[in-house]
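S.K.: Just passing along the structure, written as structure tokens.
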Amino acid sequence: LIWGVTDILHLAYAEFLMFAMYLVFFLYLLFQLDPLLSLPIAVVALFIAGVACYKLVISRVIDAPSYAQIFSTFGLLVFMRYIAFFLFTPTYRTIGESYLMGCAEFAGVRVGIPELGAFLGSITTTGLVFCFIKYTKIGKAIRATAQDKEAAIAVGISIDRMYKLAWGISSACLGVAGALLATFFYIYPDVGGVFLLMGFVAVTLGGLGNIHGSFIGGLVIGMIQMLGSVYVSPGYE
């Protein structure tokens, strides 16, 4: 969504995911709030963080050369990652108990409930974002901005507002992902690196700026990883 609307490669997206996971973890640690219950808090917090990131960093390089934009998001990646190392230390953390626990069996195949919850959550989130972008007035304005910025300005659309919304919505999706991943994945400052490359591969495979294409690309990459770990070597996962 960010690439499609603003034409900026967001190298720091996985660090937003990492901070969402930490937010959910500390809500669980301090208030015993289950990740599913803290998911809306993570969504709102990440939406605000995404808008703030655009206002404080991205808006300053929105018309700059592409290399300046890439260096800006890479610098944001490094800053966020090492702030996390400083604040949280490299310690691996996990959430002990959650509503999403245990395994389910389908046709003789055992599936982890947390992983299944993350899968269903990703489908739901993708569907909601797709419907918002395709059918709502604001969504159509975002699409118009992505397709032709000059024409969007000519019909009265504030492209600065659309950019802020694109960053906010994309970051809010990372809040959903962070809350669901925290139920079964280790939480540590470098966790974003696990998802950074695979995320770009999935988005590129599905088509930059294409929401349902990116979702299908993610499914393809996931299937390749799982089949490779089962039939070739666990190292291929």
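Following the order of the structure tokens, first chain is A, next is B, and so on, with residues numbered from 1 inside each chain and ligands from 1 in the order they appear.
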Just want the 12 Å neighbourhood of Arg161 in chain A, counted on only C-alpha atoms, with same-chain residues fewer than 5 positions away dropped. Output as a list in words.

M.R.: Val5, Thr6, Val51, Tyr54, Lys55, Ser59, Ile138, Gly139, Ala141, Ile142, Thr145, Ala152, Ile153, Gly156, Ala166, Trp167 and Gly168 of chain A

S.K.: Enumerate, in order of chain and increasing residue number, the residues of range 173-214 of chain A with an atom no farther than 12 Å from range 218-235 of chain A, each with its shortest atom pair and distance in Å to one decimal, counting only C-alpha atoms, as CSV.

M.R.:
```
residue,atom,partner,partner_atom,distance
A:Phe195,CA,A:Gly218,CA,11.0
A:Leu197,CA,A:Ile221,CA,11.1
A:Met198,CA,A:Ile221,CA,7.5
A:Gly199,CA,A:Gly218,CA,7.4
A:Phe200,CA,A:Gly218,CA,9.5
A:Val201,CA,A:Ile221,CA,7.9
A:Ala202,CA,A:Gly218,CA,4.7
A:Val203,CA,A:Gly218,CA,7.3
A:Thr204,CA,A:Gly218,CA,9.8
A:Leu205,CA,A:Gly218,CA,8.3
A:Gly206,CA,A:Gly218,CA,7.9
A:Gly207,CA,A:Gly218,CA,11.2
A:Ile211,CA,A:Gly218,CA,10.7
A:His212,CA,A:Gly218,CA,9.8
A:Gly213,CA,A:Gly218,CA,8.6
A:Ser214,CA,A:Gly218,CA,6.1
```

S.K.: Let me see the file: selected residues, all heavy atoms, as an mmCIF file, in the first residue's frame.

M.R.:
```cif
data_model
loop_
_atom_site.group_PDB
_atom_site.id
_atom_site.type_symbol
_atom_site.label_atom_id
_atom_site.label_comp_id
_atom_site.auth_asym_id
_atom_site.auth_seq_id
_atom_site.Cartn_x
_atom_site.Cartn_y
_atom_site.Cartn_z
ATOM 1 N N PHE A 195 11.292 -11.351 8.872
ATOM 2 C CA PHE A 195 10.170 -11.124 7.953
ATOM 3 C C PHE A 195 10.480 -10.106 6.853
ATOM 4 O O PHE A 195 9.712 -10.000 5.898
ATOM 5 C CB PHE A 195 8.956 -10.632 8.748
ATOM 6 C CG PHE A 195 8.537 -11.561 9.847
ATOM 7 C CD1 PHE A 195 8.896 -11.317 11.157
ATOM 8 C CD2 PHE A 195 7.798 -12.696 9.563
ATOM 9 C CE1 PHE A 195 8.522 -12.174 12.176
ATOM 10 C CE2 PHE A 195 7.418 -13.561 10.567
ATOM 11 C CZ PHE A 195 7.774 -13.311 11.879
ATOM 12 N N LEU A 197 12.910 -9.713 4.378
ATOM 13 C CA LEU A 197 13.166 -10.173 3.020
ATOM 14 C C LEU A 197 11.962 -10.905 2.448
ATOM 15 O O LEU A 197 11.556 -10.664 1.305
ATOM 16 C CB LEU A 197 14.400 -11.080 2.995
ATOM 17 C CG LEU A 197 14.768 -11.652 1.622
ATOM 18 C CD1 LEU A 197 15.044 -10.531 0.630
ATOM 19 C CD2 LEU A 197 15.979 -12.582 1.742
ATOM 20 N N MET A 198 11.351 -11.805 3.249
ATOM 21 C CA MET A 198 10.213 -12.574 2.754
ATOM 22 C C MET A 198 9.034 -11.663 2.413
ATOM 23 O O MET A 198 8.291 -11.918 1.456
ATOM 24 C CB MET A 198 9.795 -13.617 3.798
ATOM 25 C CG MET A 198 10.745 -14.788 3.937
ATOM 26 S SD MET A 198 10.943 -15.750 2.401
ATOM 27 C CE MET A 198 12.516 -15.129 1.811
ATOM 28 N N GLY A 199 8.886 -10.595 3.184
ATOM 29 C CA GLY A 199 7.814 -9.655 2.901
ATOM 30 C C GLY A 199 7.998 -8.977 1.554
ATOM 31 O O GLY A 199 7.057 -8.867 0.758
ATOM 32 N N PHE A 200 9.223 -8.538 1.267
ATOM 33 C CA PHE A 200 9.493 -7.889 -0.020
ATOM 34 C C PHE A 200 9.350 -8.876 -1.184
ATOM 35 O O PHE A 200 8.863 -8.519 -2.253
ATOM 36 C CB PHE A 200 10.886 -7.266 -0.017
ATOM 37 C CG PHE A 200 10.945 -5.937 0.657
ATOM 38 C CD1 PHE A 200 11.804 -5.700 1.707
ATOM 39 C CD2 PHE A 200 10.124 -4.901 0.241
ATOM 40 C CE1 PHE A 200 11.853 -4.473 2.340
ATOM 41 C CE2 PHE A 200 10.165 -3.654 0.855
ATOM 42 C CZ PHE A 200 11.026 -3.451 1.914
ATOM 43 N N VAL A 201 9.782 -10.116 -0.956
ATOM 44 C CA VAL A 201 9.639 -11.127 -2.014
ATOM 45 C C VAL A 201 8.165 -11.360 -2.317
ATOM 46 O O VAL A 201 7.759 -11.425 -3.487
ATOM 47 C CB VAL A 201 10.325 -12.448 -1.593
ATOM 48 C CG1 VAL A 201 9.992 -13.561 -2.585
ATOM 49 C CG2 VAL A 201 11.835 -12.260 -1.499
ATOM 50 N N ALA A 202 7.344 -11.489 -1.271
ATOM 51 C CA ALA A 202 5.913 -11.740 -1.471
ATOM 52 C C ALA A 202 5.242 -10.577 -2.193
ATOM 53 O O ALA A 202 4.439 -10.787 -3.123
ATOM 54 C CB ALA A 202 5.244 -11.981 -0.115
ATOM 55 N N VAL A 203 5.582 -9.348 -1.776
ATOM 56 C CA VAL A 203 4.977 -8.169 -2.408
ATOM 57 C C VAL A 203 5.414 -8.044 -3.859
ATOM 58 O O VAL A 203 4.613 -7.723 -4.744
ATOM 59 C CB VAL A 203 5.348 -6.901 -1.611
ATOM 60 C CG1 VAL A 203 4.963 -5.651 -2.380
ATOM 61 C CG2 VAL A 203 4.660 -6.905 -0.251
ATOM 62 N N THR A 204 6.681 -8.308 -4.133
ATOM 63 C CA THR A 204 7.180 -8.228 -5.509
ATOM 64 C C THR A 204 6.556 -9.310 -6.373
ATOM 65 O O THR A 204 6.174 -9.071 -7.528
ATOM 66 C CB THR A 204 8.713 -8.361 -5.525
ATOM 67 O OG1 THR A 204 9.291 -7.361 -4.687
ATOM 68 C CG2 THR A 204 9.251 -8.194 -6.938
ATOM 69 N N LEU A 205 6.428 -10.514 -5.817
ATOM 70 C CA LEU A 205 5.822 -11.616 -6.560
ATOM 71 C C LEU A 205 4.369 -11.322 -6.898
ATOM 72 O O LEU A 205 3.903 -11.600 -8.004
ATOM 73 C CB LEU A 205 5.918 -12.902 -5.732
ATOM 74 C CG LEU A 205 5.363 -14.179 -6.368
ATOM 75 C CD1 LEU A 205 6.152 -14.538 -7.628
ATOM 76 C CD2 LEU A 205 5.418 -15.337 -5.368
ATOM 77 N N GLY A 206 3.648 -10.727 -5.944
ATOM 78 C CA GLY A 206 2.231 -10.440 -6.164
ATOM 79 C C GLY A 206 1.981 -9.173 -6.952
ATOM 80 O O GLY A 206 0.873 -8.968 -7.458
ATOM 81 N N GLY A 207 2.977 -8.303 -7.040
ATOM 82 C CA GLY A 207 2.803 -7.040 -7.752
ATOM 83 C C GLY A 207 2.818 -5.874 -6.792
ATOM 84 O O GLY A 207 1.956 -5.788 -5.914
ATOM 85 N N ILE A 211 -2.914 -5.360 -3.576
ATOM 86 C CA ILE A 211 -3.208 -5.933 -2.264
ATOM 87 C C ILE A 211 -3.466 -7.430 -2.343
ATOM 88 O O ILE A 211 -2.827 -8.225 -1.639
ATOM 89 C CB ILE A 211 -4.420 -5.217 -1.622
ATOM 90 C CG1 ILE A 211 -4.076 -3.748 -1.343
ATOM 91 C CG2 ILE A 211 -4.825 -5.918 -0.318
ATOM 92 C CD1 ILE A 211 -5.255 -2.928 -0.852
ATOM 93 N N HIS A 212 -4.410 -7.846 -3.199
ATOM 94 C CA HIS A 212 -4.702 -9.287 -3.253
ATOM 95 C C HIS A 212 -3.560 -10.057 -3.900
ATOM 96 O O HIS A 212 -3.314 -11.212 -3.566
ATOM 97 C CB HIS A 212 -6.032 -9.561 -3.966
ATOM 98 C CG HIS A 212 -6.149 -8.980 -5.340
ATOM 99 N ND1 HIS A 212 -6.504 -7.673 -5.576
ATOM 100 C CD2 HIS A 212 -5.960 -9.534 -6.556
ATOM 101 C CE1 HIS A 212 -6.535 -7.439 -6.879
ATOM 102 N NE2 HIS A 212 -6.200 -8.558 -7.502
ATOM 103 N N GLY A 213 -2.814 -9.418 -4.807
ATOM 104 C CA GLY A 213 -1.645 -10.075 -5.393
ATOM 105 C C GLY A 213 -0.570 -10.325 -4.354
ATOM 106 O O GLY A 213 0.064 -11.386 -4.323
ATOM 107 N N SER A 214 -0.368 -9.345 -3.463
ATOM 108 C CA SER A 214 0.607 -9.517 -2.387
ATOM 109 C C SER A 214 0.196 -10.624 -1.441
ATOM 110 O O SER A 214 1.038 -11.389 -0.945
ATOM 111 C CB SER A 214 0.762 -8.197 -1.616
ATOM 112 O OG SER A 214 1.233 -7.179 -2.470
#
```

S.K.: Can you list every residue of range 123-232 of chain A that has an atom at most 8 Å from range 18-36 of chain A, with its nearest atom pair and the distance in Å to one decimal, using only C-alpha atoms, ordered by chain then number, as JSON lines?

M.R.:
```
{"residue": "A:Leu174", "atom": "CA", "partner": "A:Ala20", "partner_atom": "CA", "distance": 7.1}
{"residue": "A:Gly175", "atom": "CA", "partner": "A:Ala20", "partner_atom": "CA", "distance": 5.3}
{"residue": "A:Gly178", "atom": "CA", "partner": "A:Met21", "partner_atom": "CA", "distance": 4.5}
{"residue": "A:Ala179", "atom": "CA", "partner": "A:Pro35", "partner_atom": "CA", "distance": 5.5}
{"residue": "A:Leu180", "atom": "CA", "partner": "A:Pro35", "partner_atom": "CA", "distance": 6.9}
{"residue": "A:Leu181", "atom": "CA", "partner": "A:Met21", "partner_atom": "CA", "distance": 7.3}
{"residue": "A:Ala182", "atom": "CA", "partner": "A:Met21", "partner_atom": "CA", "distance": 5.5}
{"residue": "A:Thr183", "atom": "CA", "partner": "A:Pro35", "partner_atom": "CA", "distance": 6.8}
{"residue": "A:Ile187", "atom": "CA", "partner": "A:Met21", "partner_atom": "CA", "distance": 6.6}
{"residue": "A:Tyr188", "atom": "CA", "partner": "A:Met18", "partner_atom": "CA", "distance": 7.6}
{"residue": "A:Pro189", "atom": "CA", "partner": "A:Met18", "partner_atom": "CA", "distance": 6.8}
{"residue": "A:Asp190", "atom": "CA", "partner": "A:Met18", "partner_atom": "CA", "distance": 7.8}
{"residue": "A:Val191", "atom": "CA", "partner": "A:Met18", "partner_atom": "CA", "distance": 6.2}
{"residue": "A:Gly192", "atom": "CA", "partner": "A:Met18", "partner_atom": "CA", "distance": 5.6}
```

S.K.: Where in range 31-229 of chain A does DSSP assign strand (DSSP E or B), given as a ChimeraX atom specification?

M.R.: /A:93,103-106,109-112,187

S.K.: Keeping only all heavy atoms, write those residues as a PDB file, in the first residue's frame.

M.R.:
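Ended up saving to selection33.pdb:
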```pdb
ATOM      1  N   ARG A  93      11.932 -13.130  24.392  1.00  0.00           N
ATOM      2  CA  ARG A  93      10.761 -13.168  25.259  1.00  0.00           C
ATOM      3  C   ARG A  93       9.618 -13.891  24.559  1.00  0.00           C
ATOM      4  O   ARG A  93       9.530 -13.895  23.332  1.00  0.00           O
ATOM      5  CB  ARG A  93      10.322 -11.751  25.646  1.00  0.00           C
ATOM      6  CG  ARG A  93      11.344 -10.995  26.486  1.00  0.00           C
ATOM      7  CD  ARG A  93      10.867  -9.573  26.739  1.00  0.00           C
ATOM      8  NE  ARG A  93      11.637  -8.892  27.773  1.00  0.00           N
ATOM      9  CZ  ARG A  93      12.706  -8.177  27.545  1.00  0.00           C
ATOM     10  NH1 ARG A  93      13.176  -8.057  26.315  1.00  0.00           N
ATOM     11  NH2 ARG A  93      13.343  -7.586  28.536  1.00  0.00           N
ATOM     12  N   CYS A 103      -3.357 -27.437  19.629  1.00  0.00           N
ATOM     13  CA  CYS A 103      -3.359 -27.879  18.232  1.00  0.00           C
ATOM     14  C   CYS A 103      -4.753 -28.340  17.828  1.00  0.00           C
ATOM     15  O   CYS A 103      -5.573 -28.708  18.664  1.00  0.00           O
ATOM     16  CB  CYS A 103      -2.369 -29.031  18.023  1.00  0.00           C
ATOM     17  SG  CYS A 103      -0.639 -28.582  18.260  1.00  0.00           S
ATOM     18  N   ALA A 104      -5.002 -28.303  16.538  1.00  0.00           N
ATOM     19  CA  ALA A 104      -6.227 -28.859  15.962  1.00  0.00           C
ATOM     20  C   ALA A 104      -5.824 -29.852  14.883  1.00  0.00           C
ATOM     21  O   ALA A 104      -4.733 -29.763  14.322  1.00  0.00           O
ATOM     22  CB  ALA A 104      -7.094 -27.746  15.378  1.00  0.00           C
ATOM     23  N   GLU A 105      -6.687 -30.807  14.617  1.00  0.00           N
ATOM     24  CA  GLU A 105      -6.385 -31.831  13.621  1.00  0.00           C
ATOM     25  C   GLU A 105      -7.426 -31.795  12.515  1.00  0.00           C
ATOM     26  O   GLU A 105      -8.632 -31.821  12.762  1.00  0.00           O
ATOM     27  CB  GLU A 105      -6.374 -33.217  14.286  1.00  0.00           C
ATOM     28  CG  GLU A 105      -5.860 -34.308  13.354  1.00  0.00           C
ATOM     29  CD  GLU A 105      -5.566 -35.602  14.097  1.00  0.00           C
ATOM     30  OE1 GLU A 105      -5.123 -35.535  15.266  1.00  0.00           O
ATOM     31  OE2 GLU A 105      -5.786 -36.670  13.496  1.00  0.00           O
ATOM     32  N   PHE A 106      -6.944 -31.720  11.275  1.00  0.00           N
ATOM     33  CA  PHE A 106      -7.802 -31.696  10.107  1.00  0.00           C
ATOM     34  C   PHE A 106      -7.331 -32.773   9.140  1.00  0.00           C
ATOM     35  O   PHE A 106      -6.215 -32.704   8.624  1.00  0.00           O
ATOM     36  CB  PHE A 106      -7.760 -30.325   9.413  1.00  0.00           C
ATOM     37  CG  PHE A 106      -8.174 -29.178  10.286  1.00  0.00           C
ATOM     38  CD1 PHE A 106      -7.224 -28.417  10.954  1.00  0.00           C
ATOM     39  CD2 PHE A 106      -9.513 -28.860  10.460  1.00  0.00           C
ATOM     40  CE1 PHE A 106      -7.587 -27.361  11.757  1.00  0.00           C
ATOM     41  CE2 PHE A 106      -9.893 -27.802  11.269  1.00  0.00           C
ATOM     42  CZ  PHE A 106      -8.937 -27.048  11.918  1.00  0.00           C
ATOM     43  N   VAL A 109      -4.017 -34.110   9.786  1.00  0.00           N
ATOM     44  CA  VAL A 109      -2.914 -33.144   9.807  1.00  0.00           C
ATOM     45  C   VAL A 109      -3.071 -32.249  11.035  1.00  0.00           C
ATOM     46  O   VAL A 109      -4.125 -31.633  11.234  1.00  0.00           O
ATOM     47  CB  VAL A 109      -2.892 -32.282   8.528  1.00  0.00           C
ATOM     48  CG1 VAL A 109      -1.770 -31.252   8.600  1.00  0.00           C
ATOM     49  CG2 VAL A 109      -2.754 -33.162   7.296  1.00  0.00           C
ATOM     50  N   ARG A 110      -2.029 -32.183  11.859  1.00  0.00           N
ATOM     51  CA  ARG A 110      -2.065 -31.360  13.065  1.00  0.00           C
ATOM     52  C   ARG A 110      -1.615 -29.929  12.734  1.00  0.00           C
ATOM     53  O   ARG A 110      -0.579 -29.723  12.097  1.00  0.00           O
ATOM     54  CB  ARG A 110      -1.165 -31.958  14.141  1.00  0.00           C
ATOM     55  CG  ARG A 110      -1.692 -33.275  14.685  1.00  0.00           C
ATOM     56  CD  ARG A 110      -0.703 -33.924  15.644  1.00  0.00           C
ATOM     57  NE  ARG A 110      -0.476 -33.105  16.816  1.00  0.00           N
ATOM     58  CZ  ARG A 110      -1.258 -33.116  17.902  1.00  0.00           C
ATOM     59  NH1 ARG A 110      -2.325 -33.910  17.940  1.00  0.00           N
ATOM     60  NH2 ARG A 110      -0.978 -32.361  18.944  1.00  0.00           N
ATOM     61  N   VAL A 111      -2.419 -28.981  13.166  1.00  0.00           N
ATOM     62  CA  VAL A 111      -2.152 -27.577  12.901  1.00  0.00           C
ATOM     63  C   VAL A 111      -2.181 -26.825  14.229  1.00  0.00           C
ATOM     64  O   VAL A 111      -3.102 -27.002  15.035  1.00  0.00           O
ATOM     65  CB  VAL A 111      -3.194 -26.965  11.940  1.00  0.00           C
ATOM     66  CG1 VAL A 111      -2.896 -25.488  11.690  1.00  0.00           C
ATOM     67  CG2 VAL A 111      -3.232 -27.731  10.640  1.00  0.00           C
ATOM     68  N   GLY A 112      -1.167 -25.990  14.469  1.00  0.00           N
ATOM     69  CA  GLY A 112      -1.137 -25.200  15.686  1.00  0.00           C
ATOM     70  C   GLY A 112      -2.227 -24.142  15.677  1.00  0.00           C
ATOM     71  O   GLY A 112      -2.417 -23.445  14.674  1.00  0.00           O
ATOM     72  N   ILE A 187       9.965 -12.996  20.732  1.00  0.00           N
ATOM     73  CA  ILE A 187       9.967 -11.537  20.626  1.00  0.00           C
ATOM     74  C   ILE A 187      11.352 -11.037  21.037  1.00  0.00           C
ATOM     75  O   ILE A 187      11.777 -11.234  22.178  1.00  0.00           O
ATOM     76  CB  ILE A 187       8.886 -10.928  21.538  1.00  0.00           C
ATOM     77  CG1 ILE A 187       7.506 -11.510  21.175  1.00  0.00           C
ATOM     78  CG2 ILE A 187       8.873  -9.401  21.414  1.00  0.00           C
ATOM     79  CD1 ILE A 187       6.439 -11.217  22.214  1.00  0.00           C
TER      80      ILE A 187
END
```

S.K.: I need the residues in range 76-196 of chain A that are helix (DSSP H, G or I) according to DSSP; give them as number ranges by chain.

M.R.: A: 76-88, 113-135, 137-147, 149-154, 159-181, 192-196

S.K.: Find the residue from A:Ala151, A:Tyr67, A:Ser38, A:Ala45 that sits nearest to Leu9 in chain A; use only C-alpha atoms when measuring.

M.R.: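 Looking at the shortest contact to Leu9 in chain A, the residue is A:Tyr67.
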
S.K.: Select, from A:Val44, A:Ala64, A:Ile169, A:Val129, the residue with the minimum atom-to-atom distance to Phe215 in chain A, counting only C-alpha atoms.

M.R.: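 With only C-alpha atoms as the atom set, the closest residue is A:Val129.
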
S.K.: One decimal, Å: what's the distance from CA of Ala118 in chain A over to CA of Phe185 in chain A, could you say?

M.R.: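 Those two atoms sit 10.9 Å apart.
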
S.K.: Would you mind reading off the distance between CA of Tyr186 in chain A and CA of Tyr92 in chain A, one decimal, in Å?

M.R.: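 Going from CA of Tyr186 in chain A over to CA of Tyr92 in chain A covers 6.1 Å.
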
S.K.: To one decimal place, how far is CA of Phe130 in chain A from CA of Leu1 in chain A in Å?

M.R.: 10.3 Å

S.K.: Would you mind listing what lies within 9 Å of Ile8 in chain A as a PDB file with N, CA and C atoms, in the first residue's frame, with only C-alpha atoms counted and same-chain residues fewer than 6 positions away left out?

M.R.:
```pdb
ATOM      1  N   ILE A   2       1.925   1.256   0.817  1.00  0.00           N
ATOM      2  CA  ILE A   2       2.810   2.419   0.872  1.00  0.00           C
ATOM      3  C   ILE A   2       3.523   2.621  -0.458  1.00  0.00           C
ATOM      4  N   ILE A  58       9.066  10.947   6.531  1.00  0.00           N
ATOM      5  CA  ILE A  58       8.815  10.707   5.109  1.00  0.00           C
ATOM      6  C   ILE A  58       8.389  11.978   4.375  1.00  0.00           C
ATOM      7  N   ILE A  62       9.569  13.240   0.553  1.00  0.00           N
ATOM      8  CA  ILE A  62       8.561  12.709  -0.368  1.00  0.00           C
ATOM      9  C   ILE A  62       8.846  13.118  -1.818  1.00  0.00           C
ATOM     10  N   SER A  66      15.012   9.086  -5.268  1.00  0.00           N
ATOM     11  CA  SER A  66      14.690   7.780  -4.682  1.00  0.00           C
ATOM     12  C   SER A  66      15.773   7.302  -3.719  1.00  0.00           C
ATOM     13  N   GLN A  69      15.167   8.713  -0.338  1.00  0.00           N
ATOM     14  CA  GLN A  69      14.043   8.048   0.323  1.00  0.00           C
ATOM     15  C   GLN A  69      14.469   6.699   0.895  1.00  0.00           C
ATOM     16  N   ILE A  70      15.244   5.949   0.116  1.00  0.00           N
ATOM     17  CA  ILE A  70      15.707   4.637   0.577  1.00  0.00           C
ATOM     18  C   ILE A  70      16.618   4.791   1.789  1.00  0.00           C
ATOM     19  N   THR A  73      14.466   5.551   4.945  1.00  0.00           N
ATOM     20  CA  THR A  73      13.779   4.407   5.564  1.00  0.00           C
ATOM     21  C   THR A  73      14.781   3.403   6.117  1.00  0.00           C
TER      22      THR A  73
END
```
